[in-house]
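Shown here: input19.txt, compact mmCIF, C-alpha atoms.
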# COMPACT_ATOMS: atom_id res chain seq x y z
CA MET A 1 -286.78 -41.26 -99.60
CA LEU A 2 -287.04 -44.13 -97.12
CA GLY A 3 -285.14 -42.10 -94.52
CA LEU A 4 -287.75 -39.35 -94.87
CA TYR A 5 -290.47 -41.88 -94.08
CA ALA A 6 -288.50 -42.98 -91.04
CA ARG A 7 -288.17 -39.39 -89.85
CA ALA A 8 -291.85 -38.57 -90.43
CA LEU A 9 -293.00 -41.67 -88.57
CA GLU A 10 -290.67 -41.03 -85.65
CA ALA A 11 -291.79 -37.40 -85.48
CA THR A 12 -295.34 -38.68 -84.91
CA HIS A 13 -294.35 -41.23 -82.24
CA ILE A 14 -293.93 -44.35 -84.36
CA PRO A 15 -290.43 -45.78 -83.88
CA THR A 16 -288.66 -47.20 -86.92
CA ALA A 17 -285.74 -49.46 -87.74
CA MET A 18 -284.31 -49.30 -91.22
CA VAL A 19 -282.01 -51.51 -93.27
CA THR A 20 -279.20 -49.55 -94.91
CA LEU A 21 -276.80 -50.57 -97.65
CA PHE A 22 -275.10 -47.16 -97.67
CA PRO A 23 -274.70 -45.84 -94.09
CA GLU A 24 -273.13 -42.56 -95.21
CA ILE A 25 -276.28 -41.74 -97.12
CA THR A 26 -278.72 -42.74 -94.39
CA ASP A 27 -276.64 -40.88 -91.79
CA LYS A 28 -276.77 -37.74 -93.91
CA VAL A 29 -280.54 -37.92 -94.30
CA GLY A 30 -280.82 -38.60 -90.57
CA ALA A 31 -282.54 -41.98 -90.46
CA PRO A 32 -283.17 -42.55 -86.75
CA ARG A 33 -282.18 -46.22 -86.35
CA THR A 34 -280.28 -48.17 -88.97
CA LEU A 35 -278.98 -51.69 -89.49
CA HIS A 36 -276.08 -51.77 -91.93
CA VAL A 37 -276.22 -54.97 -93.95
CA PRO A 38 -273.37 -56.37 -96.09
CA PHE A 39 -275.65 -57.33 -98.98
CA LYS A 40 -276.03 -56.11 -102.55
CA MET A 41 -278.42 -53.51 -103.94
CA GLY A 42 -281.75 -55.12 -104.74
CA ARG A 43 -281.10 -57.83 -102.13
CA PRO A 44 -281.25 -55.85 -98.87
CA CYS A 45 -282.32 -58.90 -96.84
CA GLY A 46 -279.89 -61.38 -98.39
CA GLU A 47 -279.97 -63.83 -101.26
CA PRO A 48 -283.14 -65.46 -102.64
CA PHE A 49 -284.38 -68.38 -100.54
CA ASP A 50 -281.85 -67.71 -97.75
CA PHE A 51 -284.64 -67.50 -95.19
CA GLU A 52 -282.29 -67.96 -92.27
CA THR A 53 -280.50 -64.70 -93.08
CA ARG A 54 -283.85 -63.01 -93.68
CA GLY A 55 -285.02 -64.04 -90.20
CA LYS A 56 -281.82 -62.64 -88.67
CA VAL A 57 -282.29 -59.32 -90.47
CA VAL A 58 -285.86 -59.01 -89.15
CA ASP A 59 -284.80 -60.04 -85.63
CA GLN A 60 -281.98 -57.48 -85.59
CA LEU A 61 -284.31 -54.75 -86.87
CA LEU A 62 -286.79 -55.57 -84.11
CA GLU A 63 -284.03 -55.36 -81.50
CA LEU A 64 -283.07 -51.94 -82.84
CA LEU A 65 -286.58 -50.61 -82.19
CA ALA A 66 -285.96 -50.62 -78.46
CA LEU A 67 -282.72 -48.63 -78.73
CA SER A 68 -282.51 -44.85 -78.80
CA SER A 69 -282.72 -42.77 -81.95
CA GLY A 70 -279.29 -42.41 -83.53
CA SER A 71 -278.49 -46.10 -82.98
CA ARG A 72 -276.32 -47.54 -85.73
CA ALA A 73 -276.11 -51.32 -85.79
CA ALA A 74 -274.26 -53.63 -88.15
CA TYR A 75 -275.74 -56.94 -89.25
CA GLN A 76 -274.37 -59.85 -87.25
CA GLU A 77 -274.13 -63.23 -88.95
CA LYS A 78 -274.22 -64.93 -85.54
CA PRO A 79 -276.04 -62.66 -83.13
CA MET B 1 -291.70 -49.77 -119.83
CA LYS B 2 -290.39 -47.54 -122.63
CA MET B 3 -287.19 -48.48 -124.45
CA LYS B 4 -285.62 -45.24 -123.16
CA THR B 5 -286.41 -46.31 -119.56
CA LYS B 6 -284.95 -49.78 -120.16
CA LEU B 7 -281.74 -48.20 -121.39
CA LYS B 8 -281.65 -45.81 -118.43
CA SER B 9 -282.16 -48.77 -116.10
CA LYS B 10 -279.36 -50.77 -117.71
CA LEU B 11 -276.95 -47.81 -117.58
CA SER B 12 -277.81 -46.99 -113.99
CA ARG B 13 -277.42 -50.60 -112.84
CA THR B 14 -274.10 -50.92 -114.65
CA PHE B 15 -272.92 -47.68 -113.04
CA SER B 16 -274.05 -48.53 -109.50
CA SER B 17 -272.64 -52.07 -109.53
CA ASN B 18 -269.29 -51.15 -111.08
CA PHE B 19 -268.73 -47.73 -109.53
CA THR B 20 -270.46 -48.07 -106.16
CA ASN B 21 -268.48 -45.24 -104.55
CA ALA B 22 -269.31 -42.81 -107.35
CA TYR B 23 -272.94 -43.90 -107.19
CA GLN B 24 -273.01 -43.21 -103.45
CA LYS B 25 -271.41 -39.83 -103.99
CA PHE B 26 -274.00 -38.96 -106.63
CA THR B 27 -276.83 -39.88 -104.27
CA MET B 28 -275.16 -38.05 -101.37
CA ASN B 29 -274.91 -34.88 -103.43
CA HIS B 30 -278.63 -34.93 -104.10
CA MET B 31 -279.60 -35.36 -100.51
CA THR B 32 -280.48 -32.70 -98.00
CA GLU B 33 -278.58 -33.09 -94.76
CA ASN B 34 -280.65 -33.36 -91.60
CA SER B 35 -278.67 -32.68 -88.47
CA SER B 36 -281.51 -33.27 -86.00
CA LEU B 37 -282.86 -36.73 -85.28
CA PRO B 38 -286.52 -37.24 -84.41
CA GLU B 39 -287.02 -39.85 -81.72
CA ALA B 40 -290.03 -41.96 -80.89
CA PHE B 41 -290.19 -44.61 -78.20
CA LEU B 42 -292.07 -47.87 -78.14
CA GLN B 43 -295.26 -47.17 -76.23
CA LYS B 44 -295.53 -50.76 -75.04
CA PRO B 45 -293.36 -53.87 -74.91
CA LEU B 46 -292.39 -55.15 -78.37
CA ASP B 47 -294.31 -58.38 -77.81
CA GLN B 48 -297.48 -56.30 -77.70
CA CYS B 49 -296.68 -54.06 -80.68
CA LYS B 50 -298.30 -54.09 -84.10
CA VAL B 51 -295.52 -53.82 -86.70
CA ALA B 52 -295.66 -52.79 -90.38
CA LEU B 53 -293.20 -52.95 -93.27
CA VAL B 54 -292.26 -50.10 -95.61
CA SER B 55 -290.25 -50.92 -98.72
CA THR B 56 -288.75 -48.67 -101.40
CA ALA B 57 -287.93 -51.62 -103.65
CA GLY B 58 -290.99 -51.05 -105.84
CA VAL B 59 -293.01 -53.89 -104.32
CA HIS B 60 -296.69 -53.97 -105.26
CA LEU B 61 -299.53 -56.36 -105.97
CA LYS B 62 -299.56 -57.75 -109.51
CA SER B 63 -303.15 -56.50 -109.67
CA ASP B 64 -302.04 -52.92 -108.83
CA GLU B 65 -300.93 -50.34 -111.34
CA PRO B 66 -297.12 -50.63 -111.56
CA PHE B 67 -294.99 -47.66 -110.49
CA ASP B 68 -294.49 -45.17 -113.31
CA VAL B 69 -290.83 -45.79 -114.08
CA ASP B 70 -291.09 -43.88 -117.37
CA ASN B 71 -291.49 -40.61 -115.47
CA PRO B 72 -287.99 -39.06 -115.31
CA ALA B 73 -288.83 -37.51 -111.93
CA GLY B 74 -289.74 -40.91 -110.50
CA ASP B 75 -293.02 -42.07 -109.01
CA PRO B 76 -293.52 -40.90 -105.41
CA SER B 77 -296.87 -42.67 -104.94
CA PHE B 78 -297.37 -45.68 -102.65
CA ARG B 79 -299.11 -49.02 -102.88
CA ILE B 80 -300.85 -50.70 -99.98
CA ILE B 81 -299.93 -54.34 -99.52
CA PRO B 82 -302.33 -56.33 -97.34
CA ALA B 83 -300.84 -58.72 -94.78
CA ASP B 84 -302.73 -61.70 -96.18
CA VAL B 85 -301.06 -61.41 -99.60
CA THR B 86 -299.31 -64.47 -101.01
CA GLU B 87 -295.83 -64.10 -102.51
CA GLN B 88 -297.26 -65.18 -105.87
CA GLU B 89 -299.45 -62.06 -105.83
CA LEU B 90 -296.46 -59.74 -105.41
CA THR B 91 -294.16 -58.26 -107.99
CA VAL B 92 -291.46 -55.59 -108.14
CA THR B 93 -291.18 -52.59 -110.48
CA HIS B 94 -287.92 -50.69 -110.16
CA ILE B 95 -285.26 -49.54 -112.61
CA TYR B 96 -282.26 -48.92 -110.35
CA PHE B 97 -281.53 -52.49 -109.36
CA ASP B 98 -281.86 -55.86 -111.04
CA THR B 99 -285.36 -57.01 -110.08
CA LYS B 100 -284.92 -60.60 -111.19
CA PHE B 101 -283.85 -61.73 -107.71
CA ALA B 102 -286.73 -59.98 -105.95
CA LYS B 103 -289.19 -61.38 -108.48
CA THR B 104 -287.88 -64.87 -107.73
CA ASP B 105 -288.20 -64.38 -103.98
CA PRO B 106 -289.94 -61.12 -102.92
CA SER B 107 -288.90 -61.66 -99.30
CA ILE B 108 -285.40 -60.39 -100.14
CA VAL B 109 -286.90 -56.90 -100.33
CA PHE B 110 -290.12 -57.45 -98.40
CA PRO B 111 -289.70 -59.87 -95.47
CA LEU B 112 -293.39 -60.18 -94.62
CA GLN B 113 -293.19 -63.92 -94.02
CA GLN B 114 -290.39 -63.45 -91.49
CA LEU B 115 -292.39 -60.71 -89.76
CA LYS B 116 -295.29 -63.14 -89.49
CA GLU B 117 -292.93 -65.70 -87.97
CA SER B 118 -291.83 -63.08 -85.43
CA ALA B 119 -295.48 -62.65 -84.45
CA ALA B 120 -296.00 -66.42 -84.29
CA ASP B 121 -292.92 -66.70 -82.06
CA GLY B 122 -294.29 -64.00 -79.76
CA LYS B 123 -291.46 -61.54 -80.47
CA ILE B 124 -293.97 -58.93 -81.64
CA GLY B 125 -297.63 -58.57 -80.78
CA SER B 126 -299.02 -58.69 -84.31
CA VAL B 127 -298.37 -58.01 -87.96
CA SER B 128 -300.11 -54.93 -89.32
CA GLY B 129 -302.95 -55.57 -91.76
CA VAL B 130 -301.37 -53.10 -94.20
CA HIS B 131 -297.84 -52.54 -95.46
CA ILE B 132 -296.39 -49.98 -97.84
CA GLY B 133 -294.65 -50.40 -101.17
CA LEU B 134 -292.75 -47.43 -102.62
CA ASN B 135 -290.49 -46.87 -105.57
CA GLY B 136 -287.14 -45.42 -104.51
CA GLY B 137 -284.62 -43.52 -106.60
CA ILE B 138 -286.43 -40.20 -106.33
CA LEU B 139 -284.06 -37.27 -106.16
CA ASP B 140 -286.61 -34.49 -105.69
CA THR B 141 -288.69 -35.61 -102.74
CA THR B 142 -290.91 -32.51 -102.52
CA ILE B 143 -294.11 -34.23 -103.70
CA ALA B 144 -293.46 -37.22 -101.46
CA GLU B 145 -292.92 -34.96 -98.45
CA GLN B 146 -295.94 -32.77 -99.13
CA ASP B 147 -298.41 -35.38 -100.22
CA PHE B 148 -297.62 -39.08 -99.85
CA ILE B 149 -295.56 -39.28 -96.65
CA PRO B 150 -298.27 -37.49 -94.56
CA LYS B 151 -300.88 -39.86 -96.01
CA VAL B 152 -298.88 -42.93 -95.01
CA VAL B 153 -298.25 -41.50 -91.55
CA GLU B 154 -301.99 -40.90 -91.11
CA LEU B 155 -302.78 -44.41 -92.36
CA PHE B 156 -300.33 -45.92 -89.85
CA HIS B 157 -301.96 -44.02 -87.01
CA ASN B 158 -305.44 -45.03 -88.14
CA GLU B 159 -304.31 -48.65 -88.28
CA GLY B 160 -302.87 -48.48 -84.77
CA ILE B 161 -299.37 -49.39 -85.96
CA ASP B 162 -296.83 -49.19 -83.12
CA ALA B 163 -293.56 -49.57 -85.05
CA ALA B 164 -292.27 -49.88 -88.60
CA LEU B 165 -289.44 -51.77 -90.27
CA LEU B 166 -288.06 -50.04 -93.36
CA VAL B 167 -286.29 -51.85 -96.17
CA PRO B 168 -284.64 -50.20 -99.19
CA GLY B 169 -284.27 -51.56 -102.72

Will you turn the file into C-alpha cells for me?
Amino acid sequence: MLGLYARALEATHIPTAMVTLFPEITDKVGAPRTLHVPFKMGRPCGEPFDFETRGKVVDQLLELLALSSGSRAAYQEKP
Amino acid sequence: MKMKTKLKSKLSRTFSSNFTNAYQKFTMNHMTENSSLPEAFLQKPLDQCKVALVSTAGVHLKSDEPFDVDNPAGDPSFRIIPADVTEQELTVTHIYFDTKFAKTDPSIVFPLQQLKESAADGKIGSVSGVHIGLNGGILDTTIAEQDFIPKVVELFHNEGIDAALLVPG
C-alpha cells in the first residue's frame, strides 16, 4: 500500500523516497524511488537505539529525492 | 485484539521470518503490476523543502484509536501524527511484524527525530507539522485508493509539503 501512496503523491507533484525491504515487490507496484535496506521486517530503519544507522537511512532517502523517478538505491553503511 | 487475531499474527510472523521467499511470493501474487512510473521533481532546493513522513508500520498516538487489526480485510484508515509529538506518546499497532522493537524505539519505523536533525543541520528546509501513520498488510487496496490516499494527498498539498519519505513496517 505504501507504494500506492508514493505513486499518488508523485502524480500530484510531490516527490517521494521510500525504504524497501523487498525490492521485487516495490518494483512490481512501481514505487518511484526506493532505498533497499538490509534490515529485518519491523525494523526498516535498523535496530533499536542505533541512531547512527537511522540518520544514514534518512540522509540516503533525502539524497534519493533529487534523483529521477525509477532510481533504485541500496543502503550504504559508509556513504 | 481478539485471540483469533493474535493467533493470525503469530502464524504470519512465523511464516514471514522463516519462509521469507514464500512470503514475498505471496505478497507479489496479490499485487497489481504498474508498468508506468509517475515522476515528480523537487520544486525548490532540498534545503528549502518541507518534508513529511509516511509509515505503514501502524504508528499512531497512544491517545488515538488503534488500527482495527481484527478486521480480516485490514484497516486502510490513517492517523495524523503531529511533528511535536514525543516518542513516549507514540505506539505501534500491527500484526504482521513483531512490534516489540518498534515499541521500544519508535524511530526504527518512524525516524521523525532524525528528520528533525536533518532540518537542524540545514539539509532540508523544515519538518512538516503533520505526518501519516498507516497500517500495512492490506491486500485489497480499493478502499485506500478511493478514499484515504486522495485525502492524504490533499492534506499534503494543503500543508505545503514539498517531499515525502516513506517507511514500511

- Query: Excluding same-chain residues fewer than 6 positions from Phe67 (chain B), what lies within 12 Å of it counting all atoms listed in the file, as number ranges by chain?
  - Reply: B: 1, 56-61, 73-79, 91-95, 133-137

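Distance check against Pro23 (chain A) using all atoms listed in the file: of A:Ala66, A:Leu9, A:Val57, A:Leu35, the minimum falls on A:Leu35.
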
- Have a look at A:Leu4, A:Leu61, A:Leu67, A:Ile14 and name the one nearest to Val37 (chain A); count all atoms listed in the file. A:Leu61

- Note on the structure: Across B:Asp105, B:Gly129, B:Leu155, B:Ser17, the smallest distance to Met41 (chain A), with all atoms listed in the file counted, is shown by B:Ser17

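One distance worth recording is that between CA of Gln146 (chain B) and CA of Leu62 (chain A), which is 28.8 Å.
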
If you take all atoms listed in the file and a cut-off of 8 Å, which residues of chain B touch chain A, and what are their nearest atom pairs and distances in Å to one decimal, in chain and number order, as a tab-separated table?
residue	atom	partner	partner_atom	distance
B:Gln24	CA	A:Ile25	CA	7.3
B:Thr27	CA	A:Ile25	CA	7.4
B:Met28	CA	A:Ile25	CA	5.7
B:Met31	CA	A:Val29	CA	6.8
B:Thr32	CA	A:Val29	CA	6.4
B:Glu33	CA	A:Lys28	CA	5.1
B:Asn34	CA	A:Val29	CA	5.3
B:Ser35	CA	A:Gly30	CA	6.6
B:Ser36	CA	A:Gly30	CA	7.1
B:Leu37	CA	A:Gly30	CA	6.0
B:Pro38	CA	A:Ala11	CA	5.4
B:Glu39	CA	A:Ser69	CA	5.2
B:Ala40	CA	A:His13	CA	4.6
B:Phe41	CA	A:Pro15	CA	5.8
B:Leu42	CA	A:Pro15	CA	6.3
B:Leu46	CA	A:Ala66	CA	7.9
B:Ser55	CA	A:Leu2	CA	7.7
B:Thr56	CA	A:Leu2	CA	6.5
B:Ala57	CA	A:Gly42	CA	7.2
B:Phe97	CA	A:Gly42	CA	5.3
B:Asp98	CA	A:Gly42	CA	6.3
B:Thr99	CA	A:Gly42	CA	6.7
B:Phe101	CA	A:Pro48	CA	6.3
B:Ala102	CA	A:Gly42	CA	7.1
B:Thr104	CA	A:Pro48	CA	7.0
B:Asp105	CA	A:Pro48	CA	5.3
B:Ser107	CA	A:Cys45	CA	7.5
B:Ile108	CA	A:Cys45	CA	4.8
B:Val109	CA	A:Pro44	CA	5.9
B:Pro111	CA	A:Arg54	CA	6.9
B:Gln114	CA	A:Gly55	CA	5.6
B:Leu115	CA	A:Val58	CA	6.8
B:Ser118	CA	A:Asp59	CA	7.7
B:Gly136	CA	A:Met1	CA	6.4
B:Gly137	CA	A:Met1	CA	7.7
B:Ile138	CA	A:Met1	CA	6.8
B:Thr141	CA	A:Met1	CA	6.7
B:Glu145	CA	A:Leu4	CA	7.7
B:Ile149	CA	A:Tyr5	CA	6.3
B:Pro150	CA	A:Ala8	CA	7.7
B:Val153	CA	A:Leu9	CA	6.0
B:Ile161	CA	A:Ile14	CA	7.6
B:Asp162	CA	A:Ile14	CA	5.8
B:Ala163	CA	A:Pro15	CA	5.1
B:Ala164	CA	A:Thr16	CA	4.8
B:Leu165	CA	A:Ala17	CA	5.0
B:Leu166	CA	A:Met18	CA	4.4
B:Val167	CA	A:Val19	CA	5.2
B:Pro168	CA	A:Pro44	CA	6.6
B:Gly169	CA	A:Gly42	CA	4.8

- Message: Could you check the closest approach to Ala119 (chain B) for each of B:Met3, B:Ala144, B:Cys49, B:Ala22 and tell me which residue wins, using only C-alpha atoms?
- Response: B:Cys49

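Note that the spacing between CA of Tyr23 (chain B) and CA of Tyr96 (chain B) amounts to 11.0 Å.
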
Around all the atoms of region 36-50 of chain A listed in the file, with 3 Å of room on each side, what axis-aligned box do you get, giving centre and edge lengths in Å to one decimal, as JSON?
{"center_x": -278.9, "center_y": -60.1, "center_z": -98.3, "size_x": 17.0, "size_y": 22.6, "size_z": 18.8}

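Taking only C-alpha atoms into account, Ser126 (chain B) lies nearest to B:Lys50 out of the set B:Lys62, B:Lys50, B:Lys151, B:Lys100.
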
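Between CA of Gln88 (chain B) and CA of Gly160 (chain B) lies a distance of 27.5 Å.
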
Please supply region 22-57 of chain A, rebuilt with N, CA and C atoms, as a PDB file, keeping the file's coordinate frame.
ATOM      1  N   PHE A  22    -276.063 -48.267 -97.560  1.00  0.00           N
ATOM      2  CA  PHE A  22    -275.100 -47.160 -97.670  1.00  0.00           C
ATOM      3  C   PHE A  22    -275.243 -46.252 -96.442  1.00  0.00           C
ATOM      4  N   PRO A  23    -274.542 -46.596 -95.347  1.00  0.00           N
ATOM      5  CA  PRO A  23    -274.700 -45.840 -94.090  1.00  0.00           C
ATOM      6  C   PRO A  23    -274.399 -44.348 -94.211  1.00  0.00           C
ATOM      7  N   GLU A  24    -273.439 -43.995 -95.079  1.00  0.00           N
ATOM      8  CA  GLU A  24    -273.130 -42.560 -95.210  1.00  0.00           C
ATOM      9  C   GLU A  24    -274.348 -41.781 -95.674  1.00  0.00           C
ATOM     10  N   ILE A  25    -275.103 -42.407 -96.578  1.00  0.00           N
ATOM     11  CA  ILE A  25    -276.280 -41.740 -97.120  1.00  0.00           C
ATOM     12  C   ILE A  25    -277.391 -41.654 -96.061  1.00  0.00           C
ATOM     13  N   THR A  26    -277.626 -42.750 -95.369  1.00  0.00           N
ATOM     14  CA  THR A  26    -278.720 -42.740 -94.390  1.00  0.00           C
ATOM     15  C   THR A  26    -278.360 -41.902 -93.155  1.00  0.00           C
ATOM     16  N   ASP A  27    -277.049 -41.772 -92.879  1.00  0.00           N
ATOM     17  CA  ASP A  27    -276.640 -40.880 -91.790  1.00  0.00           C
ATOM     18  C   ASP A  27    -276.893 -39.426 -92.189  1.00  0.00           C
ATOM     19  N   LYS A  28    -276.597 -39.118 -93.454  1.00  0.00           N
ATOM     20  CA  LYS A  28    -276.770 -37.740 -93.910  1.00  0.00           C
ATOM     21  C   LYS A  28    -278.247 -37.333 -93.860  1.00  0.00           C
ATOM     22  N   VAL A  29    -279.114 -38.245 -94.296  1.00  0.00           N
ATOM     23  CA  VAL A  29    -280.540 -37.920 -94.300  1.00  0.00           C
ATOM     24  C   VAL A  29    -281.124 -37.963 -92.880  1.00  0.00           C
ATOM     25  N   GLY A  30    -280.371 -38.568 -91.963  1.00  0.00           N
ATOM     26  CA  GLY A  30    -280.820 -38.600 -90.570  1.00  0.00           C
ATOM     27  C   GLY A  30    -281.878 -39.652 -90.299  1.00  0.00           C
ATOM     28  N   ALA A  31    -281.632 -40.863 -90.799  1.00  0.00           N
ATOM     29  CA  ALA A  31    -282.540 -41.980 -90.460  1.00  0.00           C
ATOM     30  C   ALA A  31    -282.305 -42.325 -89.001  1.00  0.00           C
ATOM     31  N   PRO A  32    -283.372 -42.400 -88.207  1.00  0.00           N
ATOM     32  CA  PRO A  32    -283.170 -42.550 -86.750  1.00  0.00           C
ATOM     33  C   PRO A  32    -282.446 -43.815 -86.302  1.00  0.00           C
ATOM     34  N   ARG A  33    -282.844 -44.978 -86.790  1.00  0.00           N
ATOM     35  CA  ARG A  33    -282.180 -46.220 -86.350  1.00  0.00           C
ATOM     36  C   ARG A  33    -281.893 -47.063 -87.581  1.00  0.00           C
ATOM     37  N   THR A  34    -280.622 -47.417 -87.758  1.00  0.00           N
ATOM     38  CA  THR A  34    -280.280 -48.170 -88.970  1.00  0.00           C
ATOM     39  C   THR A  34    -279.500 -49.438 -88.676  1.00  0.00           C
ATOM     40  N   LEU A  35    -279.728 -50.424 -89.519  1.00  0.00           N
ATOM     41  CA  LEU A  35    -278.980 -51.690 -89.490  1.00  0.00           C
ATOM     42  C   LEU A  35    -278.227 -51.789 -90.808  1.00  0.00           C
ATOM     43  N   HIS A  36    -276.914 -51.703 -90.714  1.00  0.00           N
ATOM     44  CA  HIS A  36    -276.080 -51.770 -91.930  1.00  0.00           C
ATOM     45  C   HIS A  36    -275.885 -53.241 -92.308  1.00  0.00           C
ATOM     46  N   VAL A  37    -276.341 -53.576 -93.500  1.00  0.00           N
ATOM     47  CA  VAL A  37    -276.220 -54.970 -93.950  1.00  0.00           C
ATOM     48  C   VAL A  37    -275.150 -55.070 -95.051  1.00  0.00           C
ATOM     49  N   PRO A  38    -274.465 -56.217 -95.110  1.00  0.00           N
ATOM     50  CA  PRO A  38    -273.370 -56.370 -96.090  1.00  0.00           C
ATOM     51  C   PRO A  38    -273.855 -56.963 -97.406  1.00  0.00           C
ATOM     52  N   PHE A  39    -275.098 -56.694 -97.787  1.00  0.00           N
ATOM     53  CA  PHE A  39    -275.650 -57.330 -98.980  1.00  0.00           C
ATOM     54  C   PHE A  39    -275.647 -56.369-100.170  1.00  0.00           C
ATOM     55  N   LYS A  40    -276.078 -56.903-101.317  1.00  0.00           N
ATOM     56  CA  LYS A  40    -276.030 -56.110-102.550  1.00  0.00           C
ATOM     57  C   LYS A  40    -277.322 -55.312-102.746  1.00  0.00           C
ATOM     58  N   MET A  41    -277.224 -54.273-103.569  1.00  0.00           N
ATOM     59  CA  MET A  41    -278.420 -53.510-103.940  1.00  0.00           C
ATOM     60  C   MET A  41    -279.443 -54.455-104.574  1.00  0.00           C
ATOM     61  N   GLY A  42    -280.692 -54.254-104.205  1.00  0.00           N
ATOM     62  CA  GLY A  42    -281.750 -55.120-104.740  1.00  0.00           C
ATOM     63  C   GLY A  42    -281.933 -56.387-103.939  1.00  0.00           C
ATOM     64  N   ARG A  43    -280.999 -56.635-102.992  1.00  0.00           N
ATOM     65  CA  ARG A  43    -281.100 -57.830-102.130  1.00  0.00           C
ATOM     66  C   ARG A  43    -280.827 -57.424-100.683  1.00  0.00           C
ATOM     67  N   PRO A  44    -281.572 -56.422-100.189  1.00  0.00           N
ATOM     68  CA  PRO A  44    -281.250 -55.850 -98.870  1.00  0.00           C
ATOM     69  C   PRO A  44    -281.427 -56.814 -97.700  1.00  0.00           C
ATOM     70  N   CYS A  45    -282.152 -57.914 -97.920  1.00  0.00           N
ATOM     71  CA  CYS A  45    -282.320 -58.900 -96.840  1.00  0.00           C
ATOM     72  C   CYS A  45    -281.659 -60.217 -97.202  1.00  0.00           C
ATOM     73  N   GLY A  46    -280.643 -60.174 -98.047  1.00  0.00           N
ATOM     74  CA  GLY A  46    -279.890 -61.380 -98.390  1.00  0.00           C
ATOM     75  C   GLY A  46    -280.307 -62.002 -99.709  1.00  0.00           C
ATOM     76  N   GLU A  47    -279.756 -63.158 -99.969  1.00  0.00           N
ATOM     77  CA  GLU A  47    -279.970 -63.830-101.260  1.00  0.00           C
ATOM     78  C   GLU A  47    -281.333 -64.538-101.316  1.00  0.00           C
ATOM     79  N   PRO A  48    -281.860 -64.735-102.523  1.00  0.00           N
ATOM     80  CA  PRO A  48    -283.140 -65.460-102.640  1.00  0.00           C
ATOM     81  C   PRO A  48    -283.093 -66.807-101.922  1.00  0.00           C
ATOM     82  N   PHE A  49    -284.148 -67.109-101.233  1.00  0.00           N
ATOM     83  CA  PHE A  49    -284.380 -68.380-100.540  1.00  0.00           C
ATOM     84  C   PHE A  49    -283.450 -68.621 -99.355  1.00  0.00           C
ATOM     85  N   ASP A  50    -282.658 -67.607 -98.968  1.00  0.00           N
ATOM     86  CA  ASP A  50    -281.850 -67.710 -97.750  1.00  0.00           C
ATOM     87  C   ASP A  50    -282.706 -67.158 -96.597  1.00  0.00           C
ATOM     88  N   PHE A  51    -283.663 -67.973 -96.188  1.00  0.00           N
ATOM     89  CA  PHE A  51    -284.640 -67.500 -95.190  1.00  0.00           C
ATOM     90  C   PHE A  51    -284.032 -67.355 -93.807  1.00  0.00           C
ATOM     91  N   GLU A  52    -282.949 -68.071 -93.576  1.00  0.00           N
ATOM     92  CA  GLU A  52    -282.290 -67.960 -92.270  1.00  0.00           C
ATOM     93  C   GLU A  52    -281.725 -66.543 -92.087  1.00  0.00           C
ATOM     94  N   THR A  53    -281.035 -66.061 -93.130  1.00  0.00           N
ATOM     95  CA  THR A  53    -280.500 -64.700 -93.080  1.00  0.00           C
ATOM     96  C   THR A  53    -281.646 -63.692 -92.958  1.00  0.00           C
ATOM     97  N   ARG A  54    -282.698 -63.915 -93.719  1.00  0.00           N
ATOM     98  CA  ARG A  54    -283.850 -63.010 -93.680  1.00  0.00           C
ATOM     99  C   ARG A  54    -284.405 -62.894 -92.254  1.00  0.00           C
ATOM    100  N   GLY A  55    -284.520 -64.035 -91.582  1.00  0.00           N
ATOM    101  CA  GLY A  55    -285.020 -64.040 -90.200  1.00  0.00           C
ATOM    102  C   GLY A  55    -284.104 -63.249 -89.286  1.00  0.00           C
ATOM    103  N   LYS A  56    -282.786 -63.378 -89.518  1.00  0.00           N
ATOM    104  CA  LYS A  56    -281.820 -62.640 -88.670  1.00  0.00           C
ATOM    105  C   LYS A  56    -281.937 -61.137 -88.910  1.00  0.00           C
ATOM    106  N   VAL A  57    -282.146 -60.749 -90.168  1.00  0.00           N
ATOM    107  CA  VAL A  57    -282.290 -59.320 -90.470  1.00  0.00           C
ATOM    108  C   VAL A  57    -283.506 -58.764 -89.726  1.00  0.00           C
TER     109      VAL A  57
END
